[in-house]
$ cat target-v3.txt   # compact mmCIF, C-alpha atoms
# COMPACT_ATOMS: atom_id res chain seq x y z
CA MET A 11 39.24 113.01 122.30
CA ASN A 12 35.93 113.32 120.52
CA VAL A 13 34.74 110.32 118.49
CA THR A 14 33.81 112.75 115.73
CA ASP A 15 37.33 114.21 115.48
CA ARG A 16 38.21 111.45 113.04
CA ILE A 17 36.30 108.77 111.23
CA LEU A 18 36.72 105.58 113.20
CA PRO A 19 36.32 102.22 111.45
CA ASP A 20 33.01 100.49 112.09
CA ARG A 21 33.45 97.61 114.57
CA THR A 22 30.08 95.89 114.18
CA LEU A 23 31.56 92.78 112.57
CA ALA A 24 34.33 92.69 115.19
CA ALA A 25 31.70 92.85 117.94
CA LEU A 26 29.85 89.89 116.44
CA ALA A 27 33.01 87.88 115.82
CA GLN A 28 34.74 88.52 119.14
CA GLY A 29 31.68 88.27 121.37
CA TYR A 30 32.35 88.83 125.05
CA THR A 31 36.00 89.74 124.53
CA TRP A 32 35.35 92.65 122.17
CA LEU A 33 34.73 95.51 124.62
CA PRO A 34 37.21 94.26 127.24
CA GLY A 35 39.83 94.20 124.47
CA LEU A 36 38.90 97.71 123.38
CA LEU A 37 39.04 99.02 126.96
CA ARG A 38 42.12 97.05 128.05
CA HIS A 39 44.52 99.92 127.48
CA ALA A 40 41.99 102.76 127.65
CA PRO A 41 42.74 105.29 130.40
CA GLY A 42 39.87 105.83 132.81
CA GLY A 43 37.75 102.98 131.43
CA ALA A 44 36.48 104.85 128.36
CA ALA A 45 37.15 104.41 124.65
CA ALA A 46 35.81 105.66 121.34
CA THR A 47 34.57 103.34 118.61
CA ARG A 48 31.90 103.06 115.92
CA VAL A 49 29.10 100.47 115.82
CA LEU A 50 26.16 100.07 113.46
CA GLY A 51 27.45 103.07 111.54
CA ARG A 52 27.20 105.35 114.61
CA PRO A 53 29.86 106.86 116.84
CA ALA A 54 30.02 105.07 120.18
CA LEU A 55 31.49 105.57 123.63
CA ALA A 56 32.46 102.39 125.51
CA VAL A 57 32.61 102.66 129.32
CA ARG A 58 33.25 100.42 132.31
CA GLY A 59 33.30 100.70 136.10
CA PRO A 60 30.85 101.54 138.92
CA GLU A 61 30.99 105.28 138.24
CA ALA A 62 30.44 104.60 134.55
CA VAL A 63 27.39 102.49 135.49
CA ARG A 64 25.90 105.49 137.27
CA PHE A 65 26.75 107.68 134.28
CA PHE A 66 25.12 105.18 131.91
CA TYR A 67 21.87 104.89 133.90
CA ASP A 68 21.41 108.64 134.36
CA GLU A 69 18.53 109.61 132.06
CA ASP A 70 20.06 113.07 131.66
CA HIS A 71 22.91 111.31 129.84
CA VAL A 72 21.58 108.16 128.18
CA ARG A 73 18.21 106.99 126.94
CA ARG A 74 17.26 103.45 125.97
CA SER A 75 14.65 104.24 123.32
CA GLY A 76 16.23 103.84 119.91
CA ALA A 77 19.23 101.97 121.32
CA LEU A 78 18.08 98.39 120.79
CA PRO A 79 18.47 97.20 117.19
CA GLY A 80 15.39 95.82 115.45
CA PRO A 81 16.76 92.25 115.36
CA VAL A 82 17.12 92.29 119.18
CA LEU A 83 13.56 93.57 119.63
CA SER A 84 12.28 90.96 117.19
CA THR A 85 13.82 88.14 119.21
CA VAL A 86 14.51 88.67 122.87
CA PHE A 87 12.59 91.78 124.07
CA GLY A 88 9.71 92.42 121.67
CA HIS A 89 8.70 95.68 120.00
CA GLY A 90 7.11 98.16 122.40
CA ALA A 91 8.65 96.52 125.49
CA VAL A 92 9.52 98.39 128.68
CA HIS A 93 13.19 98.20 127.68
CA THR A 94 12.51 100.68 124.86
CA LEU A 95 10.91 103.40 127.03
CA ASP A 96 12.27 106.34 128.99
CA GLY A 97 11.02 108.98 131.42
CA ASP A 98 7.44 108.94 132.66
CA ALA A 99 6.41 106.27 130.15
CA HIS A 100 9.14 103.95 131.45
CA ARG A 101 8.29 104.61 135.10
CA ALA A 102 4.60 103.95 134.50
CA ARG A 103 5.32 100.70 132.66
CA LYS A 104 7.90 99.69 135.28
CA ARG A 105 5.15 99.75 137.93
CA LEU A 106 3.82 96.62 136.26
CA PHE A 107 7.05 94.80 137.14
CA LEU A 108 7.89 96.27 140.55
CA PRO A 109 5.82 93.72 142.53
CA LEU A 110 8.30 91.11 141.28
CA LEU A 111 10.86 92.73 143.58
CA HIS A 112 8.91 91.81 146.69
CA ALA A 113 10.32 88.95 148.75
CA ASP A 114 6.94 87.23 148.99
CA ARG A 115 6.62 87.07 145.20
CA ILE A 116 10.12 85.63 144.86
CA THR A 117 9.30 83.04 147.50
CA ALA A 118 6.07 82.15 145.71
CA LEU A 119 7.88 81.60 142.40
CA VAL A 120 10.50 79.41 144.08
CA GLU A 121 7.72 77.43 145.74
CA HIS A 122 6.26 76.70 142.30
CA ALA A 123 9.62 75.82 140.78
CA ILE A 124 10.73 73.38 143.49
CA PRO A 125 7.90 70.85 142.97
CA ALA A 126 8.44 71.10 139.21
CA TRP A 127 12.13 70.29 139.81
CA ASP A 128 11.37 67.41 142.16
CA ASP A 129 8.88 65.90 139.71
CA ALA A 130 11.42 66.21 136.92
CA VAL A 131 14.17 64.55 138.98
CA ARG A 132 12.01 61.44 139.33
CA ASP A 133 11.70 61.30 135.54
CA TRP A 134 15.42 61.94 135.06
CA GLY A 135 16.20 58.83 137.08
CA ALA A 136 14.48 56.65 134.47
CA ALA A 137 16.13 58.36 131.49
CA GLU A 138 19.26 57.09 129.78
CA GLN A 139 20.67 60.61 130.00
CA VAL A 140 19.49 64.14 130.73
CA VAL A 141 20.63 67.37 129.10
CA LEU A 142 20.39 69.61 132.13
CA PHE A 143 20.00 72.88 130.22
CA ASP A 144 16.98 71.64 128.27
CA ALA A 145 15.44 69.84 131.24
CA VAL A 146 15.74 72.86 133.53
CA ALA A 147 14.20 75.12 130.88
CA GLU A 148 11.10 72.91 131.01
CA VAL A 149 11.13 72.91 134.82
CA LEU A 150 11.30 76.70 134.90
CA THR A 151 8.61 77.07 132.23
CA ARG A 152 6.28 74.87 134.23
CA GLY A 153 7.02 76.74 137.46
CA VAL A 154 6.78 80.28 136.12
CA CYS A 155 3.56 79.61 134.20
CA ARG A 156 1.89 78.25 137.33
CA TRP A 157 3.14 81.25 139.31
CA ALA A 158 2.20 83.82 136.66
CA GLY A 159 -1.24 82.34 135.99
CA VAL A 160 -0.44 81.45 132.37
CA PRO A 161 -2.41 78.34 131.39
CA VAL A 162 -0.54 75.54 129.61
CA ASP A 163 -1.81 72.18 128.47
CA GLU A 164 0.58 69.73 130.14
CA ALA A 165 -0.92 66.69 128.42
CA ASP A 166 -0.51 68.22 124.97
CA GLY A 167 3.22 68.93 125.32
CA GLU A 168 2.61 72.68 125.41
CA THR A 169 5.11 73.21 128.23
CA GLU A 170 7.91 71.64 126.20
CA ARG A 171 7.06 73.69 123.10
CA LEU A 172 6.85 76.91 125.08
CA ALA A 173 10.16 76.18 126.83
CA HIS A 174 11.80 75.51 123.48
CA ASP A 175 10.54 78.81 122.07
CA LEU A 176 11.50 80.83 125.15
CA VAL A 177 15.05 79.46 125.00
CA ALA A 178 15.22 80.13 121.26
CA MET A 179 14.31 83.81 121.77
CA VAL A 180 17.32 84.34 124.02
CA ASP A 181 19.66 82.03 122.12
CA GLY A 182 19.23 83.76 118.77
CA PHE A 183 19.25 87.48 119.51
CA ALA A 184 22.93 88.15 118.71
CA THR A 185 23.53 86.15 115.54
CA ALA A 186 22.62 86.59 111.90
CA GLY A 187 22.40 82.85 111.25
CA PRO A 188 19.82 80.10 111.72
CA ARG A 189 19.59 80.70 115.48
CA HIS A 190 18.35 84.22 114.81
CA TRP A 191 15.59 83.09 112.46
CA ARG A 192 14.52 80.38 114.91
CA ALA A 193 14.29 83.11 117.54
CA ARG A 194 12.14 85.31 115.32
CA ARG A 195 9.75 82.45 114.54
CA ALA A 196 9.59 81.51 118.22
CA ARG A 197 8.74 85.06 119.29
CA SER A 198 6.12 85.42 116.58
CA ARG A 199 4.44 82.16 117.67
CA GLN A 200 4.38 83.04 121.34
CA GLU A 201 3.40 86.68 120.86
CA GLN A 202 0.38 85.48 118.88
CA ARG A 203 -0.47 82.90 121.55
CA PHE A 204 -0.06 85.36 124.43
CA THR A 205 -2.03 88.05 122.57
CA ARG A 206 -4.95 85.62 122.23
CA LEU A 207 -4.62 84.85 125.95
CA VAL A 208 -4.83 88.54 126.88
CA GLU A 209 -7.86 89.01 124.61
CA ASP A 210 -9.55 85.95 126.13
CA VAL A 211 -8.98 87.23 129.67
CA ARG A 212 -10.36 90.66 128.81
CA ALA A 213 -13.37 89.10 127.09
CA GLY A 214 -14.05 86.83 130.06
CA ARG A 215 -13.34 83.62 128.14
CA THR A 216 -10.34 82.76 130.34
CA ASP A 217 -9.85 83.41 134.04
CA ALA A 218 -6.78 85.25 135.29
CA PRO A 219 -6.09 84.29 138.92
CA ALA A 220 -6.43 87.25 141.28
CA GLY A 221 -3.06 88.82 142.00
CA SER A 222 -1.35 86.92 139.20
CA VAL A 223 1.06 88.40 136.70
CA LEU A 224 -1.46 87.59 133.97
CA ALA A 225 -4.14 89.66 135.71
CA ALA A 226 -1.72 92.53 136.34
CA VAL A 227 -0.64 92.67 132.69
CA CYS A 228 -4.18 92.51 131.37
CA HIS A 229 -5.33 95.38 133.58
CA HIS A 230 -2.22 97.58 133.67
CA ARG A 231 -2.66 101.17 132.57
CA GLU A 232 -0.07 103.41 130.97
CA ALA A 233 0.88 106.95 132.03
CA THR A 234 -1.95 108.11 129.72
CA GLY A 235 -4.47 106.04 131.69
CA GLU A 236 -5.06 103.68 128.78
CA GLU A 237 -4.78 99.91 128.92
CA LEU A 238 -1.94 98.30 127.06
CA ASP A 239 -3.03 97.09 123.66
CA ALA A 240 -3.29 93.29 123.61
CA HIS A 241 -0.07 92.80 121.65
CA THR A 242 2.02 94.99 123.97
CA ALA A 243 0.48 93.26 126.98
CA ALA A 244 1.54 89.94 125.45
CA VAL A 245 5.07 91.28 124.93
CA GLU A 246 5.34 92.29 128.59
CA LEU A 247 3.88 89.00 129.79
CA LEU A 248 6.59 87.25 127.79
CA ASN A 249 9.10 89.61 129.41
CA VAL A 250 8.26 88.03 132.74
CA VAL A 251 8.14 84.42 131.59
CA ARG A 252 11.10 84.48 129.17
CA PRO A 253 13.82 85.81 131.51
CA THR A 254 12.69 83.40 134.21
CA VAL A 255 13.28 80.48 131.86
CA ALA A 256 16.66 82.02 130.93
CA VAL A 257 17.80 81.06 134.44
CA ALA A 258 18.48 77.69 132.76
CA TRP A 259 21.73 79.27 131.51
CA PHE A 260 22.84 79.88 135.10
CA VAL A 261 21.75 76.45 136.35
CA ALA A 262 23.86 74.80 133.64
CA TYR A 263 26.73 77.09 134.64
CA ALA A 264 26.24 76.06 138.28
CA ALA A 265 26.54 72.41 137.23
CA HIS A 266 29.68 73.27 135.27
CA ALA A 267 31.17 74.95 138.36
CA LEU A 268 30.31 72.01 140.62
CA HIS A 269 31.92 69.64 138.12
CA ARG A 270 35.12 71.67 137.79
CA TRP A 271 35.39 72.59 141.47
CA PRO A 272 33.58 69.82 143.37
CA GLN A 273 34.71 71.16 146.76
CA HIS A 274 31.75 73.53 146.62
CA ARG A 275 29.25 70.69 146.47
CA GLU A 276 29.41 69.70 150.13
CA ARG A 277 29.08 73.32 151.23
CA LEU A 278 25.87 73.63 149.21
CA ARG A 279 24.60 70.28 150.44
CA GLY A 280 25.07 71.46 154.01
CA GLY A 281 22.18 73.89 153.64
CA GLU A 282 24.17 76.98 154.65
CA LEU A 283 22.10 79.78 153.11
CA SER A 284 24.84 82.40 153.20
CA TYR A 285 27.13 80.10 151.25
CA ALA A 286 24.41 79.36 148.70
CA ALA A 287 23.96 83.10 148.19
CA ALA A 288 27.72 83.59 147.74
CA PHE A 289 27.91 80.68 145.29
CA VAL A 290 25.07 82.13 143.21
CA HIS A 291 26.66 85.59 143.07
CA GLU A 292 29.94 84.03 141.94
CA VAL A 293 28.21 82.00 139.21
CA ARG A 294 26.55 85.18 137.96
CA ARG A 295 29.84 87.11 138.08
CA PHE A 296 32.19 84.45 136.71
CA TYR A 297 30.19 82.98 133.83
CA PRO A 298 29.23 84.95 130.68
CA PHE A 299 25.66 86.11 130.23
CA ALA A 300 25.07 89.70 129.01
CA PRO A 301 28.15 90.95 127.10
CA TYR A 302 27.31 94.66 127.17
CA LEU A 303 24.37 97.05 127.22
CA GLY A 304 23.66 99.98 124.93
CA GLY A 305 21.99 103.35 125.12
CA VAL A 306 21.77 106.57 123.09
CA ALA A 307 23.47 109.82 124.16
CA VAL A 308 20.76 112.36 125.01
CA ARG A 309 23.16 115.23 124.29
CA ASP A 310 26.84 115.73 123.59
CA LEU A 311 28.56 113.77 126.35
CA SER A 312 32.05 113.25 127.68
CA TRP A 313 33.29 110.54 130.03
CA GLN A 314 36.88 110.39 131.25
CA GLY A 315 37.92 112.73 128.47
CA VAL A 316 36.27 110.75 125.68
CA ALA A 317 33.30 112.44 124.00
CA VAL A 318 30.35 111.22 121.99
CA PRO A 319 27.83 113.43 120.15
CA ALA A 320 24.13 113.49 120.83
CA GLY A 321 22.54 110.50 119.13
CA GLY A 322 25.69 108.42 119.40
CA LEU A 323 25.78 105.12 121.26
CA VAL A 324 26.99 104.55 124.81
CA LEU A 325 28.05 100.96 125.54
CA LEU A 326 28.43 99.59 129.07
CA ASP A 327 30.93 96.72 129.25
CA VAL A 328 29.09 94.21 131.47
CA PHE A 329 31.34 91.18 131.00
CA GLY A 330 34.51 93.24 131.32
CA GLN A 331 33.34 94.85 134.56
CA ASN A 332 32.46 91.49 136.09
CA HIS A 333 36.02 90.38 135.26
CA ASP A 334 37.84 93.58 136.16
CA ALA A 335 40.94 92.81 138.26
CA GLY A 336 40.65 96.25 139.85
CA LEU A 337 37.29 95.26 141.33
CA TRP A 338 37.73 91.54 141.94
CA GLY A 339 41.47 90.95 142.35
CA ASP A 340 41.48 87.48 140.81
CA PRO A 341 38.55 87.71 138.39
CA TYR A 342 39.24 84.46 136.52
CA THR A 343 39.29 82.38 139.70
CA PHE A 344 35.94 80.90 140.73
CA ARG A 345 35.81 81.87 144.41
CA PRO A 346 32.39 82.25 146.10
CA GLU A 347 34.09 83.24 149.35
CA ARG A 348 34.70 86.71 147.90
CA PHE A 349 31.00 87.43 148.45
CA ARG A 350 31.12 86.39 152.09
CA ARG A 351 33.78 88.94 152.99
CA HIS A 352 32.82 91.83 150.78
CA VAL A 353 29.48 93.60 150.60
CA VAL A 354 29.22 94.33 146.90
CA ASP A 355 28.10 97.74 145.79
CA ARG A 356 24.97 97.72 143.61
CA ASP A 357 26.91 99.03 140.62
CA GLU A 358 29.91 96.68 140.94
CA LEU A 359 28.26 93.33 140.16
CA ILE A 360 26.14 93.87 137.04
CA PRO A 361 25.40 90.55 135.29
CA GLN A 362 21.86 91.80 134.56
CA GLY A 363 22.70 95.48 134.34
CA GLY A 364 23.24 98.18 136.94
CA GLY A 365 21.35 101.04 138.50
CA ASP A 366 18.21 100.94 140.63
CA PRO A 367 15.70 98.28 139.53
CA ALA A 368 12.85 100.26 141.09
CA THR A 369 13.43 103.41 139.04
CA GLY A 370 15.88 102.59 136.27
CA HIS A 371 16.47 99.98 133.60
CA ARG A 372 18.08 97.33 135.80
CA CYS A 373 16.19 94.05 135.38
CA PRO A 374 13.40 93.87 138.01
CA GLY A 375 13.56 90.09 137.74
CA GLU A 376 17.11 89.95 139.12
CA GLY A 377 15.78 89.01 142.55
CA LEU A 378 13.78 86.19 140.97
CA THR A 379 16.93 84.95 139.24
CA ILE A 380 18.87 84.92 142.49
CA GLY A 381 16.08 83.23 144.45
CA LEU A 382 15.57 80.51 141.84
CA LEU A 383 19.27 79.88 141.40
CA GLU A 384 19.88 79.61 145.15
CA ALA A 385 17.13 77.00 145.47
CA LEU A 386 18.02 75.00 142.37
CA ALA A 387 21.79 75.09 142.93
CA GLN A 388 21.30 73.50 146.34
CA ARG A 389 19.04 70.82 144.87
CA LEU A 390 21.50 70.21 142.07
CA ALA A 391 24.31 69.76 144.59
CA ALA A 392 22.15 67.26 146.49
CA LEU A 393 21.78 65.02 143.43
CA ASP A 394 23.99 62.07 142.58
CA TYR A 395 24.82 61.62 138.89
CA THR A 396 27.51 60.66 136.44
CA VAL A 397 29.02 63.15 134.00
CA PRO A 398 29.79 61.29 130.75
CA PRO A 399 32.38 62.47 128.20
CA GLN A 400 31.00 65.54 126.41
CA ASP A 401 31.89 69.03 125.24
CA LEU A 402 31.87 71.26 128.33
CA ARG A 403 33.53 74.21 126.65
CA ILE A 404 31.99 77.68 126.92
CA SER A 405 32.90 79.80 123.91
CA LEU A 406 33.24 83.53 124.56
CA ARG A 407 32.72 84.10 120.84
CA ARG A 408 29.18 82.73 121.00
CA LEU A 409 26.47 85.22 121.97
CA PRO A 410 24.91 84.26 124.27
CA ALA A 411 27.49 81.80 125.58
CA ARG A 412 26.39 78.47 127.01
CA VAL A 413 27.83 75.10 128.01
CA ALA A 414 28.38 73.50 124.59
CA ASP A 415 26.54 70.21 125.18
CA GLY A 416 24.13 71.63 127.75
CA PHE A 417 25.70 69.57 130.56
CA VAL A 418 24.72 65.94 130.05
CA MET A 419 24.01 63.80 133.14
CA ARG A 420 23.42 60.07 133.59
CA ASP A 421 22.22 57.87 136.46
CA VAL A 422 20.52 60.81 138.14
CA HIS A 423 19.04 60.20 141.57
CA VAL A 424 18.85 61.58 145.07
CA PRO A 425 21.38 59.55 147.10
CA ALA A 426 20.54 57.96 150.42
CA ALA A 427 23.73 59.55 151.72
CA PRO A 428 25.73 62.29 149.97
CA ARG A 429 28.74 61.20 147.95
CA THR A 430 31.00 62.87 145.42
CA VAL A 431 29.93 63.13 141.80
CA HIS A 432 32.39 61.38 139.50
CA ALA A 433 33.11 61.56 135.80
CA ALA A 434 32.69 58.52 133.61
$ encode --input "target-v3.txt" --output "structure tokens"
Amino acid sequence: MNVTDRILPDRTLAALAQGYTWLPGLLRHAPGGAAATRVLGRPALAVRGPEAVRFFYDEDHVRRSGALPGPVLSTVFGHGAVHTLDGDAHRARKRLFLPLLHADRITALVEHAIPAWDDAVRDWGAAEQVVLFDAVAEVLTRGVCRWAGVPVDEADGETERLAHDLVAMVDGFATAGPRHWRARRARSRQEQRFTRLVEDVRAGRTDAPAGSVLAAVCHHREATGEELDAHTAAVELLNVVRPTVAVAWFVAYAAHALHRWPQHRERLRGGELSYAAAFVHEVRRFYPFAPYLGGVAVRDLSWQGVAVPAGGLVLLDVFGQNHDAGLWGDPYTFRPERFRRHVVDRDELIPQGGGDPATGHRCPGEGLTIGLLEALAQRLAALDYTVPPQDLRISLRRLPARVADGFVMRDVHVPAAPRTVHAA
């Protein structure tokens, strides 16, 4: 069937209203994991599955430029970002981010985040209560700025303001309401601030530590040999800092998992690295983060008998694939052990997209996410705290989803001897 054979109703409002369940619902009874629809007034092909991932990330089939709506660029990614490029331009820009894939850089970031966490834990112990999501966002902002060479004025509360804005950018990208306008204002503020920082480094008014992300961004050259303009450099610097702080979503999810299934706590406390890795993969698979990804058909395409014309949209069902019973067996059971017995194919587990991060559009910061989450999940499991009554629901209609009350903790401290966390 070709999506142009008949006029399909536009499903944009359904996508916004149904959130993470929209594409899985559309594909539930679709043969071969492909279905036709219409979004944003354009014909669209929805796909799911490892083979579909490879189809989606093939530049002969799908391009990313022109796929991201303006509201998404104005909040989470920024106009002119690497996510909007294809071909040689994308590969040249991607070279800016590839060093983030190196194990030594991941280790260095974790080594900056751990002291920030430990310092924060001491403060949490004196607080009446701590909203973990907000507190971890500040921890990660402090850690990533130190690692990236981005100067912040700790005494002036700049870390807290930056953390708030970075969270707002992610939190407001998929809504037309107040969250969206907060996200736009946050991005505008920080793009202006980071643009001034790039200009100051290039003018010699501010030092960029040798080998830092700040130095790399300021001196990166495009495929044309030209430096990035200061605004685009600021956008890409934010595209390192912002997704790192977004790990706060996963840390709050990890706390949610440890509260619901406390048997995993002792395993994490035991320091078994392979179990920590399995736990992190299961958090990233089980909990909602990216609902789906979009691209534009380079030419007339067909997948599993469903066609889309050139210029139509191709949508990859991320949440549905991570909860596909055909891949995972019991997808709505939280079971880290699945990752100890099964070596997962690159294009099976796709919480941050699929494909090759070195050459394609898969997030190059995925390794940073995993490294940070492994370290912080183990430290979280080592804490003793009380979980007071609160709203711990995670709505699949909210984009992006998050633990409703951010996971509130009381009486936080590192115990002399491990004991089980209890609810108030």
$ closest_atom_pairs --input "target-v3.txt" --of "segment 84-123 of chain A" --to "segment 132-156 of chain A" --cutoff "12 Å" --atoms "only C-alpha atoms" --output "CSV"
residue,atom,partner,partner_atom,distance
A:Arg115,CA,A:Val154,CA,11.3
A:Ile116,CA,A:Val154,CA,10.8
A:Thr117,CA,A:Val154,CA,12.0
A:Ala118,CA,A:Val154,CA,9.8
A:Leu119,CA,A:Val154,CA,6.5
A:Val120,CA,A:Gly153,CA,7.9
A:Glu121,CA,A:Gly153,CA,8.3
A:His122,CA,A:Gly153,CA,4.9
A:Ala123,CA,A:Gly153,CA,4.3
$ write_last_selection --input "target-v3.txt" --atoms "C-alpha atoms" --output "compact mmCIF listing (two decimals), in the coordinates of the input"
# COMPACT_ATOMS: atom_id res chain seq x y z
CA ARG A 115 6.62 87.07 145.20
CA ILE A 116 10.12 85.63 144.86
CA THR A 117 9.30 83.04 147.50
CA ALA A 118 6.07 82.15 145.71
CA LEU A 119 7.88 81.60 142.40
CA VAL A 120 10.50 79.41 144.08
CA GLU A 121 7.72 77.43 145.74
CA HIS A 122 6.26 76.70 142.30
CA ALA A 123 9.62 75.82 140.78
$ atom_distance --input "target-v3.txt" --atom1 "atom CA of Ala267 of chain A" --atom2 "atom CA of Val82 of chain A"
29.4 Å
$ atom_distance --input "target-v3.txt" --atom1 "atom CA of Val293 of chain A" --atom2 "atom CA of Tyr263 of chain A"
6.9 Å
$ closest_residue --input "target-v3.txt" --among "A:Arg194, A:Arg58, A:Arg38, A:Arg420" --to "Gln314 of chain A" --atoms "all atoms listed in the file"
A:Arg58
$ axis_aligned_box --input "target-v3.txt" --around "segment 326-336 of chain A" --padding-each-side "6 Å" --output "lines of an AutoDock Vina configuration file"
center_x = 34.7
center_y = 95.0
center_z = 134.5
size_x = 24.5
size_y = 21.2
size_z = 22.8
$ closest_residue --input "target-v3.txt" --among "A:Gly381, A:Pro425, A:Gly280, A:Gly363" --to "Asp394 of chain A" --atoms "all atoms listed in the file"
A:Pro425
$ residues_around --input "target-v3.txt" --residues "segment 325-338 of chain A" --least-positions-apart "5" --cutoff "7 Å" --atoms "all atoms listed in the file" --output "JSON, numbers by chain"
{"A": [30, 33, 34, 55, 56, 57, 58, 59, 295, 298, 300, 301, 302, 303, 304, 305, 359, 360, 361]}
$ closest_residue --input "target-v3.txt" --among "A:Ala173, A:Ala126, A:Met179, A:Ala54" --to "Leu83 of chain A" --atoms "only C-alpha atoms"
A:Met179
$ atom_distance --input "target-v3.txt" --atom1 "atom CA of His190 of chain A" --atom2 "atom CA of Thr47 of chain A"
25.4 Å
$ build_atoms --input "target-v3.txt" --residues "segment 59-70 of chain A" --atoms "N, CA and C atoms" --output "mmCIF file, in the frame of the given file"
data_model
loop_
_atom_site.group_PDB
_atom_site.id
_atom_site.type_symbol
_atom_site.label_atom_id
_atom_site.label_comp_id
_atom_site.auth_asym_id
_atom_site.auth_seq_id
_atom_site.Cartn_x
_atom_site.Cartn_y
_atom_site.Cartn_z
ATOM 1 N N GLY A 59 33.012 100.327 134.723
ATOM 2 C CA GLY A 59 33.300 100.700 136.100
ATOM 3 C C GLY A 59 32.060 101.202 136.817
ATOM 4 N N PRO A 60 32.036 101.119 138.165
ATOM 5 C CA PRO A 60 30.850 101.540 138.920
ATOM 6 C C PRO A 60 30.408 102.975 138.647
ATOM 7 N N GLU A 61 31.365 103.904 138.540
ATOM 8 C CA GLU A 61 30.990 105.280 138.240
ATOM 9 C C GLU A 61 30.413 105.381 136.829
ATOM 10 N N ALA A 62 30.973 104.609 135.918
ATOM 11 C CA ALA A 62 30.440 104.600 134.550
ATOM 12 C C ALA A 62 29.029 104.023 134.528
ATOM 13 N N VAL A 63 28.743 103.046 135.391
ATOM 14 C CA VAL A 63 27.390 102.490 135.490
ATOM 15 C C VAL A 63 26.408 103.601 135.862
ATOM 16 N N ARG A 64 26.781 104.405 136.846
ATOM 17 C CA ARG A 64 25.900 105.490 137.270
ATOM 18 C C ARG A 64 25.746 106.536 136.167
ATOM 19 N N PHE A 65 26.805 106.785 135.436
ATOM 20 C CA PHE A 65 26.750 107.680 134.280
ATOM 21 C C PHE A 65 25.792 107.121 133.223
ATOM 22 N N PHE A 66 25.902 105.831 132.946
ATOM 23 C CA PHE A 66 25.120 105.180 131.910
ATOM 24 C C PHE A 66 23.627 105.180 132.244
ATOM 25 N N TYR A 67 23.282 104.998 133.524
ATOM 26 C CA TYR A 67 21.870 104.890 133.900
ATOM 27 C C TYR A 67 21.240 106.223 134.272
ATOM 28 N N ASP A 68 21.958 107.311 134.129
ATOM 29 C CA ASP A 68 21.410 108.640 134.360
ATOM 30 C C ASP A 68 20.649 109.065 133.113
ATOM 31 N N GLU A 69 19.349 109.279 133.233
ATOM 32 C CA GLU A 69 18.530 109.610 132.060
ATOM 33 C C GLU A 69 18.863 110.979 131.481
ATOM 34 N N ASP A 70 19.601 111.807 132.222
ATOM 35 C CA ASP A 70 20.060 113.070 131.660
ATOM 36 C C ASP A 70 21.210 112.837 130.674
#
